[in-house]
Amino acid sequence: MLWTALLLPPSASQTPSSNRPGPDALAAVAVWALQFTPRVAVSEDAVLMEVEASTRLFGGKRALRDRVVAQAKELGVAQVAWAATGLGAHALARCGIENGFKKPLGAMLDALPMECLSAVRPHATTLAQAGCRTLGDVRALPRGGLSRRFDKQLLQALDRAYGHAPEVHAWEALPDTFHARLELPFRVEHAPALLQGARRLLVQMCGWLAARHAGVTVFTLRWWHDAMRAKDAGEGAP
C-alpha cells in the first residue's frame with residue numbers, strides 16, 4: 001500500500017489547548033485530495049489518502065509525489081509524508097519525515113517519539129515511568145501487560161501503524177457543488193496579497209473539478225471587508 005499524510009498546522013482561530021487545524025482547512029484539503037483517489041480520510045490534524053492504485057494514472061510515484069507536494073504547499077499543508085500505512089505516514093509527518101520507504105517501516109516507526117501516535121498520548125506519563133521514550137520502547141513491552149494496563153486503542157493504533165492490523169477510516173464524500181471560504185491570516189491592503197488567497201481557493205476548486213472530471217465556464221470570487229474597514233469601503237464585491 002502507498003499512503004500519504006498531509007499534515008496541517010494549528011489554526012490561529014482554534015483554542016491553544018486543541019492545537020489543531022480548523023475544520024474548514026481540513027475539509028478544503030480533503031476535497032482537493034479526492035482528485036487523486038476516492039480513499040481520503042480526515043484524521044485529527046491531517047488528511048490521509050491511499051494512492052497505491054492511482055500512481056499509474058499520474059505518471060508514476062515520483063510524478064505523483066511532486067504534484068502532491070507542490071499543490072499541498074499552496075493549500076497550507078505543513079508536512080507531507082509517505083508510508084505503507086496511513087497511521088504510519090501520519091506519525092512520520094508529525095516528526096517532519098517525508099519518505100517512509102527509506103528503511104523498513106517498523107524500523108522507522110520504532111525510532112519515533114511515542115507521542116507521535118495520538119493513542120499513546122493519554123498514557124505517556126505512565127509509559128515514561130516505565131522507561132519508554134519511543135514507539136519501539138512501547139512495542140517492546142509485553143503485549144499482555146499493555147492490554148491489561150491500558151485501553152485497547154493503544155494496541156490497536158500500534159498494530160495499524162505497523163501494518164499488523166487493517167486500518168479503519170471514514171472516507172470523505174465529494175460534494176455535489178463547490179463552495180469554499182478563506183479567512184486571511186492578516187490585514188490585506190494590496191491586491192497581490194489578495195490574489196495569493198484567491199489562488200489558494202482556485203487550487204481547491206481545480207482539485208474538486210478534477211475529481212468530478214468536469215470543467216467550468218464561470219465562477220464567482222467574492223471578497224468582504226473586515227470589521228475595521230473604513231466606512232466608505234463598502235461591503236465587498238464579486
# chains A, B, ... in the order shown; residues from 1 in each chain; ligands from 1
call {"tool": "closest_atom_pairs", "arguments": {"of": "region 154-212 of chain A", "to": "region 67-72 of chain A", "cutoff": "12 Å", "atoms": "only C-alpha atoms", "output": "JSON lines"}}
result
{"residue": "A:Arg199", "atom": "CA", "partner": "A:Gln71", "partner_atom": "CA", "distance": 10.8}
{"residue": "A:Arg200", "atom": "CA", "partner": "A:Gln71", "partner_atom": "CA", "distance": 9.2}
{"residue": "A:Leu201", "atom": "CA", "partner": "A:Gln71", "partner_atom": "CA", "distance": 11.6}
{"residue": "A:Leu202", "atom": "CA", "partner": "A:Gln71", "partner_atom": "CA", "distance": 11.0}
{"residue": "A:Val203", "atom": "CA", "partner": "A:Gln71", "partner_atom": "CA", "distance": 7.4}
{"residue": "A:Gln204", "atom": "CA", "partner": "A:Gln71", "partner_atom": "CA", "distance": 9.2}
{"residue": "A:Cys206", "atom": "CA", "partner": "A:Gln71", "partner_atom": "CA", "distance": 10.6}
{"residue": "A:Gly207", "atom": "CA", "partner": "A:Gln71", "partner_atom": "CA", "distance": 9.6}
call {"tool": "select_by_dssp", "arguments": {"residues": "region 7-191 of chain A", "states": "helix (DSSP H, G or I)", "output": "MDAnalysis selection string"}}
result
chainID A and resid 23:33 52:54 56:58 61:74 86:94 105:110 114:116 118:129 135:140 143:149 152:161 191
call {"tool": "write_last_selection", "arguments": {"atoms": "C-alpha atoms", "output": "PDB file, in the first residue's frame"}}
result
ATOM      1  CA  PRO A  23     -12.315  22.020  10.292  1.00  0.00           C
ATOM      2  CA  ASP A  24     -12.638  24.234   7.204  1.00  0.00           C
ATOM      3  CA  ALA A  25      -8.920  23.851   6.434  1.00  0.00           C
ATOM      4  CA  LEU A  26      -9.114  20.067   6.792  1.00  0.00           C
ATOM      5  CA  ALA A  27     -12.251  19.878   4.642  1.00  0.00           C
ATOM      6  CA  ALA A  28     -10.623  22.001   1.925  1.00  0.00           C
ATOM      7  CA  VAL A  29      -7.576  19.734   1.715  1.00  0.00           C
ATOM      8  CA  ALA A  30      -9.765  16.613   1.783  1.00  0.00           C
ATOM      9  CA  VAL A  31     -11.866  17.814  -1.167  1.00  0.00           C
ATOM     10  CA  TRP A  32      -8.714  18.695  -3.098  1.00  0.00           C
ATOM     11  CA  ALA A  33      -7.201  15.267  -2.314  1.00  0.00           C
ATOM     12  CA  GLU A  52      -1.460   2.836  -4.483  1.00  0.00           C
ATOM     13  CA  ALA A  53      -3.976   2.336  -7.299  1.00  0.00           C
ATOM     14  CA  SER A  54      -3.539   5.899  -8.566  1.00  0.00           C
ATOM     15  CA  ARG A  56      -0.063   4.889 -12.915  1.00  0.00           C
ATOM     16  CA  LEU A  57      -2.806   7.436 -13.612  1.00  0.00           C
ATOM     17  CA  PHE A  58      -0.480  10.264 -12.575  1.00  0.00           C
ATOM     18  CA  LYS A  61       5.146   7.541  -7.889  1.00  0.00           C
ATOM     19  CA  ARG A  62       7.688  10.330  -8.440  1.00  0.00           C
ATOM     20  CA  ALA A  63       5.367  12.393 -10.622  1.00  0.00           C
ATOM     21  CA  LEU A  64       2.510  11.911  -8.181  1.00  0.00           C
ATOM     22  CA  ARG A  65       4.727  12.865  -5.259  1.00  0.00           C
ATOM     23  CA  ASP A  66       5.923  16.063  -6.949  1.00  0.00           C
ATOM     24  CA  ARG A  67       2.394  17.131  -7.847  1.00  0.00           C
ATOM     25  CA  VAL A  68       1.004  16.454  -4.385  1.00  0.00           C
ATOM     26  CA  VAL A  69       3.852  18.244  -2.590  1.00  0.00           C
ATOM     27  CA  ALA A  70       3.714  21.322  -4.833  1.00  0.00           C
ATOM     28  CA  GLN A  71      -0.040  21.823  -4.630  1.00  0.00           C
ATOM     29  CA  ALA A  72      -0.355  20.836  -0.962  1.00  0.00           C
ATOM     30  CA  LYS A  73       2.073  23.590  -0.002  1.00  0.00           C
ATOM     31  CA  GLU A  74      -0.212  26.148  -1.647  1.00  0.00           C
ATOM     32  CA  GLY A  86      -1.951   5.655   6.937  1.00  0.00           C
ATOM     33  CA  LEU A  87      -1.181   5.901  10.648  1.00  0.00           C
ATOM     34  CA  GLY A  88       2.484   5.290   9.909  1.00  0.00           C
ATOM     35  CA  ALA A  89       2.530   8.174   7.429  1.00  0.00           C
ATOM     36  CA  HIS A  90       0.694  10.354   9.961  1.00  0.00           C
ATOM     37  CA  ALA A  91       3.285   9.632  12.649  1.00  0.00           C
ATOM     38  CA  LEU A  92       6.162  10.339  10.259  1.00  0.00           C
ATOM     39  CA  ALA A  93       4.575  13.631   9.165  1.00  0.00           C
ATOM     40  CA  ARG A  94       4.310  14.750  12.777  1.00  0.00           C
ATOM     41  CA  LEU A 105       8.506   0.813   8.215  1.00  0.00           C
ATOM     42  CA  GLY A 106       8.929  -0.901  11.576  1.00  0.00           C
ATOM     43  CA  ALA A 107      12.491   0.393  11.955  1.00  0.00           C
ATOM     44  CA  MET A 108      11.449   3.945  11.075  1.00  0.00           C
ATOM     45  CA  LEU A 109       8.497   3.985  13.450  1.00  0.00           C
ATOM     46  CA  ASP A 110      10.462   2.393  16.292  1.00  0.00           C
ATOM     47  CA  MET A 114       5.979   7.737  21.336  1.00  0.00           C
ATOM     48  CA  GLU A 115       3.772  10.855  21.424  1.00  0.00           C
ATOM     49  CA  CYS A 116       3.593  10.882  17.604  1.00  0.00           C
ATOM     50  CA  SER A 118      -2.367  10.016  19.468  1.00  0.00           C
ATOM     51  CA  ALA A 119      -3.468   6.786  21.159  1.00  0.00           C
ATOM     52  CA  VAL A 120      -0.221   6.782  23.172  1.00  0.00           C
ATOM     53  CA  ARG A 121      -0.502  10.335  24.474  1.00  0.00           C
ATOM     54  CA  PRO A 122      -3.040   9.708  27.291  1.00  0.00           C
ATOM     55  CA  HIS A 123      -0.621   7.127  28.732  1.00  0.00           C
ATOM     56  CA  ALA A 124       2.629   8.985  28.064  1.00  0.00           C
ATOM     57  CA  THR A 125       3.389   9.699  31.731  1.00  0.00           C
ATOM     58  CA  THR A 126       2.883   6.087  32.815  1.00  0.00           C
ATOM     59  CA  LEU A 127       4.872   4.761  29.867  1.00  0.00           C
ATOM     60  CA  ALA A 128       7.687   7.239  30.522  1.00  0.00           C
ATOM     61  CA  GLN A 129       7.859   5.993  34.114  1.00  0.00           C
ATOM     62  CA  LEU A 135       7.369   3.769  19.817  1.00  0.00           C
ATOM     63  CA  GLY A 136       9.893   0.953  19.742  1.00  0.00           C
ATOM     64  CA  ASP A 137      10.138   1.073  23.534  1.00  0.00           C
ATOM     65  CA  VAL A 138       6.354   0.817  23.836  1.00  0.00           C
ATOM     66  CA  ARG A 139       6.165  -2.013  21.326  1.00  0.00           C
ATOM     67  CA  ALA A 140       8.866  -3.930  23.211  1.00  0.00           C
ATOM     68  CA  ARG A 143       1.508  -7.280  24.941  1.00  0.00           C
ATOM     69  CA  GLY A 144      -0.328  -8.948  27.783  1.00  0.00           C
ATOM     70  CA  GLY A 145       0.734  -6.215  30.180  1.00  0.00           C
ATOM     71  CA  LEU A 146      -0.143  -3.478  27.716  1.00  0.00           C
ATOM     72  CA  SER A 147      -3.617  -4.900  27.153  1.00  0.00           C
ATOM     73  CA  ARG A 148      -4.281  -5.165  30.891  1.00  0.00           C
ATOM     74  CA  ARG A 149      -2.923  -1.756  31.938  1.00  0.00           C
ATOM     75  CA  LYS A 152      -7.446  -1.289  23.668  1.00  0.00           C
ATOM     76  CA  GLN A 153      -6.939   1.779  21.447  1.00  0.00           C
ATOM     77  CA  LEU A 154      -3.228   1.762  22.295  1.00  0.00           C
ATOM     78  CA  LEU A 155      -2.519  -1.709  20.943  1.00  0.00           C
ATOM     79  CA  GLN A 156      -4.887  -1.187  18.012  1.00  0.00           C
ATOM     80  CA  ALA A 157      -3.087   2.001  16.980  1.00  0.00           C
ATOM     81  CA  LEU A 158       0.314   0.301  17.188  1.00  0.00           C
ATOM     82  CA  ASP A 159      -0.866  -2.679  15.132  1.00  0.00           C
ATOM     83  CA  ARG A 160      -2.449  -0.466  12.484  1.00  0.00           C
ATOM     84  CA  ALA A 161       0.521   1.895  12.234  1.00  0.00           C
ATOM     85  CA  ALA A 191      -4.076  43.422  -4.434  1.00  0.00           C
TER      86      ALA A 191
END
call {"tool": "select_by_dssp", "arguments": {"residues": "region 14-190 of chain A", "states": "strand (DSSP E)", "output": "mmCIF file with C-alpha atoms, in the first residue's frame"}}
result
data_model
loop_
_atom_site.group_PDB
_atom_site.id
_atom_site.type_symbol
_atom_site.label_atom_id
_atom_site.label_comp_id
_atom_site.auth_asym_id
_atom_site.auth_seq_id
_atom_site.Cartn_x
_atom_site.Cartn_y
_atom_site.Cartn_z
ATOM 1 C CA VAL A 40 -9.451 10.043 1.508
ATOM 2 C CA ALA A 41 -9.972 10.412 5.254
ATOM 3 C CA VAL A 42 -9.587 13.179 7.828
ATOM 4 C CA SER A 43 -7.513 12.107 10.825
ATOM 5 C CA ALA A 46 -4.080 15.555 8.899
ATOM 6 C CA VAL A 47 -5.718 14.314 5.734
ATOM 7 C CA LEU A 48 -4.809 10.759 4.737
ATOM 8 C CA MET A 49 -5.115 9.299 1.257
ATOM 9 C CA GLU A 50 -4.383 5.817 -0.050
ATOM 10 C CA GLN A 79 4.305 18.414 6.032
ATOM 11 C CA VAL A 80 3.725 15.579 3.576
ATOM 12 C CA ALA A 81 4.734 12.011 4.402
ATOM 13 C CA TRP A 82 4.548 8.695 2.556
ATOM 14 C CA ALA A 83 4.419 5.224 4.081
#
call {"tool": "atom_distance", "arguments": {"atom1": "CA of Glu98 (chain A)", "atom2": "CA of Ala170 (chain A)"}}
result
23.9 Å
call {"tool": "closest_residue", "arguments": {"among": "A:Ala210, A:Val77, A:Pro38, A:Gly22", "to": "Leu182 (chain A)", "atoms": "only C-alpha atoms"}}
result
A:Gly22
call {"tool": "closest_residue", "arguments": {"among": "A:Gly76, A:Phe36, A:Lys103, A:Gly59", "to": "Leu7 (chain A)", "atoms": "only C-alpha atoms"}}
result
A:Gly76
call {"tool": "residues_around", "arguments": {"residues": "Ala198 (chain A)", "least_positions_apart": "5", "cutoff": "12 Å", "atoms": "only C-alpha atoms", "output": "number ranges by chain"}}
result
A: 74-75, 180-184, 191-193, 203-205, 220-223, 238
call {"tool": "write_last_selection", "arguments": {"atoms": "N, CA, C and O atoms", "output": "compact mmCIF listing (two decimals), in the first residue's frame"}}
result
# COMPACT_ATOMS: atom_id res chain seq x y z
N GLU A 74 0.62 24.99 -1.38
CA GLU A 74 -0.21 26.15 -1.65
C GLU A 74 -1.48 26.15 -0.80
O GLU A 74 -2.08 27.19 -0.56
N LEU A 75 -1.89 24.97 -0.34
CA LEU A 75 -3.08 24.86 0.49
C LEU A 75 -2.76 24.98 1.98
O LEU A 75 -3.65 24.80 2.81
N ALA A 180 -16.14 27.43 -1.22
CA ALA A 180 -15.04 27.50 -0.27
C ALA A 180 -14.87 28.92 0.23
O ALA A 180 -15.16 29.89 -0.49
N ARG A 181 -14.39 29.04 1.44
CA ARG A 181 -14.17 30.34 2.06
C ARG A 181 -12.79 30.35 2.71
O ARG A 181 -12.39 29.35 3.31
N LEU A 182 -12.09 31.44 2.58
CA LEU A 182 -10.76 31.56 3.17
C LEU A 182 -10.68 32.85 3.96
O LEU A 182 -10.89 33.94 3.43
N GLU A 183 -10.40 32.72 5.26
CA GLU A 183 -10.18 33.89 6.10
C GLU A 183 -8.68 34.18 6.10
O GLU A 183 -7.88 33.35 6.53
N LEU A 184 -8.32 35.34 5.62
CA LEU A 184 -6.90 35.69 5.53
C LEU A 184 -6.31 35.86 6.93
O LEU A 184 -6.98 36.38 7.83
N ALA A 191 -3.49 44.46 -3.58
CA ALA A 191 -4.08 43.42 -4.43
C ALA A 191 -3.24 42.15 -4.50
O ALA A 191 -3.80 41.05 -4.48
N PRO A 192 -1.89 42.20 -4.61
CA PRO A 192 -1.13 40.95 -4.72
C PRO A 192 -1.38 39.98 -3.57
O PRO A 192 -1.47 38.76 -3.79
N ALA A 193 -1.49 40.50 -2.37
CA ALA A 193 -1.76 39.62 -1.23
C ALA A 193 -3.15 39.00 -1.34
O ALA A 193 -3.37 37.85 -0.96
N VAL A 203 -6.90 26.61 -6.43
CA VAL A 203 -6.29 25.29 -6.36
C VAL A 203 -7.28 24.28 -5.78
O VAL A 203 -7.40 23.15 -6.27
N GLN A 204 -8.02 24.70 -4.75
CA GLN A 204 -9.05 23.83 -4.18
C GLN A 204 -10.11 23.50 -5.22
O GLN A 204 -10.52 22.34 -5.38
N MET A 205 -10.58 24.52 -5.95
CA MET A 205 -11.63 24.31 -6.95
C MET A 205 -11.14 23.40 -8.07
O MET A 205 -11.88 22.53 -8.54
N THR A 220 -17.68 32.53 -9.32
CA THR A 220 -17.75 33.80 -8.61
C THR A 220 -16.75 33.81 -7.47
O THR A 220 -16.71 32.87 -6.66
N LEU A 221 -15.94 34.84 -7.43
CA LEU A 221 -15.00 35.05 -6.33
C LEU A 221 -15.41 36.33 -5.63
O LEU A 221 -15.40 37.40 -6.22
N ARG A 222 -15.78 36.23 -4.37
CA ARG A 222 -16.30 37.37 -3.63
C ARG A 222 -15.40 37.67 -2.43
O ARG A 222 -14.90 36.75 -1.80
N TRP A 223 -15.20 38.94 -2.16
CA TRP A 223 -14.41 39.33 -1.00
C TRP A 223 -15.24 40.22 -0.10
O TRP A 223 -16.17 40.90 -0.53
N PRO A 238 -18.09 40.95 -5.80
CA PRO A 238 -17.63 39.78 -6.54
C PRO A 238 -16.55 40.19 -7.52
O PRO A 238 -16.45 41.35 -7.89
call {"tool": "atom_distance", "arguments": {"atom1": "CA of Ala173 (chain A)", "atom2": "CA of Leu34 (chain A)"}}
result
8.4 Å
call {"tool": "atom_distance", "arguments": {"atom1": "CA of Thr4 (chain A)", "atom2": "CA of Gly100 (chain A)"}}
result
9.7 Å
call {"tool": "closest_residue", "arguments": {"among": "A:Leu174, A:Ala5, A:Cys95, A:Ala78", "to": "His213 (chain A)", "atoms": "only C-alpha atoms"}}
result
A:Leu174
call {"tool": "decode", "arguments": {"residues": "region 164-177 of chain A", "atoms": "N, CA, C and O atoms", "output": "mmCIF file, in the first residue's frame"}}
result
data_model
loop_
_atom_site.group_PDB
_atom_site.id
_atom_site.type_symbol
_atom_site.label_atom_id
_atom_site.label_comp_id
_atom_site.auth_asym_id
_atom_site.auth_seq_id
_atom_site.Cartn_x
_atom_site.Cartn_y
_atom_site.Cartn_z
ATOM 1 N N HIS A 164 0.139 -4.406 11.038
ATOM 2 C CA HIS A 164 -0.205 -5.732 11.542
ATOM 3 C C HIS A 164 -1.708 -5.923 11.685
ATOM 4 O O HIS A 164 -2.160 -7.029 12.033
ATOM 5 N N ALA A 165 -2.480 -4.892 11.450
ATOM 6 C CA ALA A 165 -3.938 -4.963 11.531
ATOM 7 C C ALA A 165 -4.509 -3.993 10.505
ATOM 8 O O ALA A 165 -3.891 -2.960 10.206
ATOM 9 N N PRO A 166 -5.668 -4.292 9.937
ATOM 10 C CA PRO A 166 -6.257 -3.403 8.938
ATOM 11 C C PRO A 166 -6.665 -2.063 9.561
ATOM 12 O O PRO A 166 -7.093 -2.000 10.716
ATOM 13 N N GLU A 167 -6.518 -1.019 8.773
ATOM 14 C CA GLU A 167 -6.924 0.306 9.230
ATOM 15 C C GLU A 167 -8.400 0.543 8.922
ATOM 16 O O GLU A 167 -8.921 0.044 7.915
ATOM 17 N N VAL A 168 -9.035 1.306 9.775
ATOM 18 C CA VAL A 168 -10.449 1.634 9.607
ATOM 19 C C VAL A 168 -10.573 3.145 9.493
ATOM 20 O O VAL A 168 -10.167 3.884 10.403
ATOM 21 N N HIS A 169 -11.125 3.615 8.377
ATOM 22 C CA HIS A 169 -11.280 5.049 8.163
ATOM 23 C C HIS A 169 -12.682 5.349 7.643
ATOM 24 O O HIS A 169 -13.301 4.498 6.976
ATOM 25 N N ALA A 170 -13.160 6.540 7.938
ATOM 26 C CA ALA A 170 -14.414 7.041 7.353
ATOM 27 C C ALA A 170 -14.030 7.865 6.134
ATOM 28 O O ALA A 170 -13.438 8.937 6.265
ATOM 29 N N TRP A 171 -14.347 7.353 4.947
ATOM 30 C CA TRP A 171 -13.926 8.019 3.723
ATOM 31 C C TRP A 171 -14.749 9.276 3.461
ATOM 32 O O TRP A 171 -15.958 9.311 3.707
ATOM 33 N N GLU A 172 -14.076 10.293 2.965
ATOM 34 C CA GLU A 172 -14.733 11.548 2.639
ATOM 35 C C GLU A 172 -15.529 11.408 1.339
ATOM 36 O O GLU A 172 -15.134 10.674 0.427
ATOM 37 N N ALA A 173 -16.668 12.128 1.268
ATOM 38 C CA ALA A 173 -17.502 12.121 0.066
ATOM 39 C C ALA A 173 -17.290 13.426 -0.697
ATOM 40 O O ALA A 173 -17.130 14.497 -0.102
ATOM 41 N N LEU A 174 -17.299 13.328 -2.007
ATOM 42 C CA LEU A 174 -17.112 14.508 -2.844
ATOM 43 C C LEU A 174 -18.415 15.305 -2.893
ATOM 44 O O LEU A 174 -19.458 14.751 -3.268
ATOM 45 N N PRO A 175 -18.405 16.577 -2.528
ATOM 46 C CA PRO A 175 -19.649 17.364 -2.562
ATOM 47 C C PRO A 175 -20.119 17.590 -3.995
ATOM 48 O O PRO A 175 -19.330 17.618 -4.934
ATOM 49 N N ASP A 176 -21.439 17.774 -4.147
ATOM 50 C CA ASP A 176 -22.022 17.986 -5.474
ATOM 51 C C ASP A 176 -21.689 19.367 -6.028
ATOM 52 O O ASP A 176 -21.634 19.555 -7.245
ATOM 53 N N THR A 177 -21.524 20.334 -5.158
ATOM 54 C CA THR A 177 -21.190 21.687 -5.585
ATOM 55 C C THR A 177 -19.955 22.162 -4.834
ATOM 56 O O THR A 177 -19.631 21.638 -3.754
#
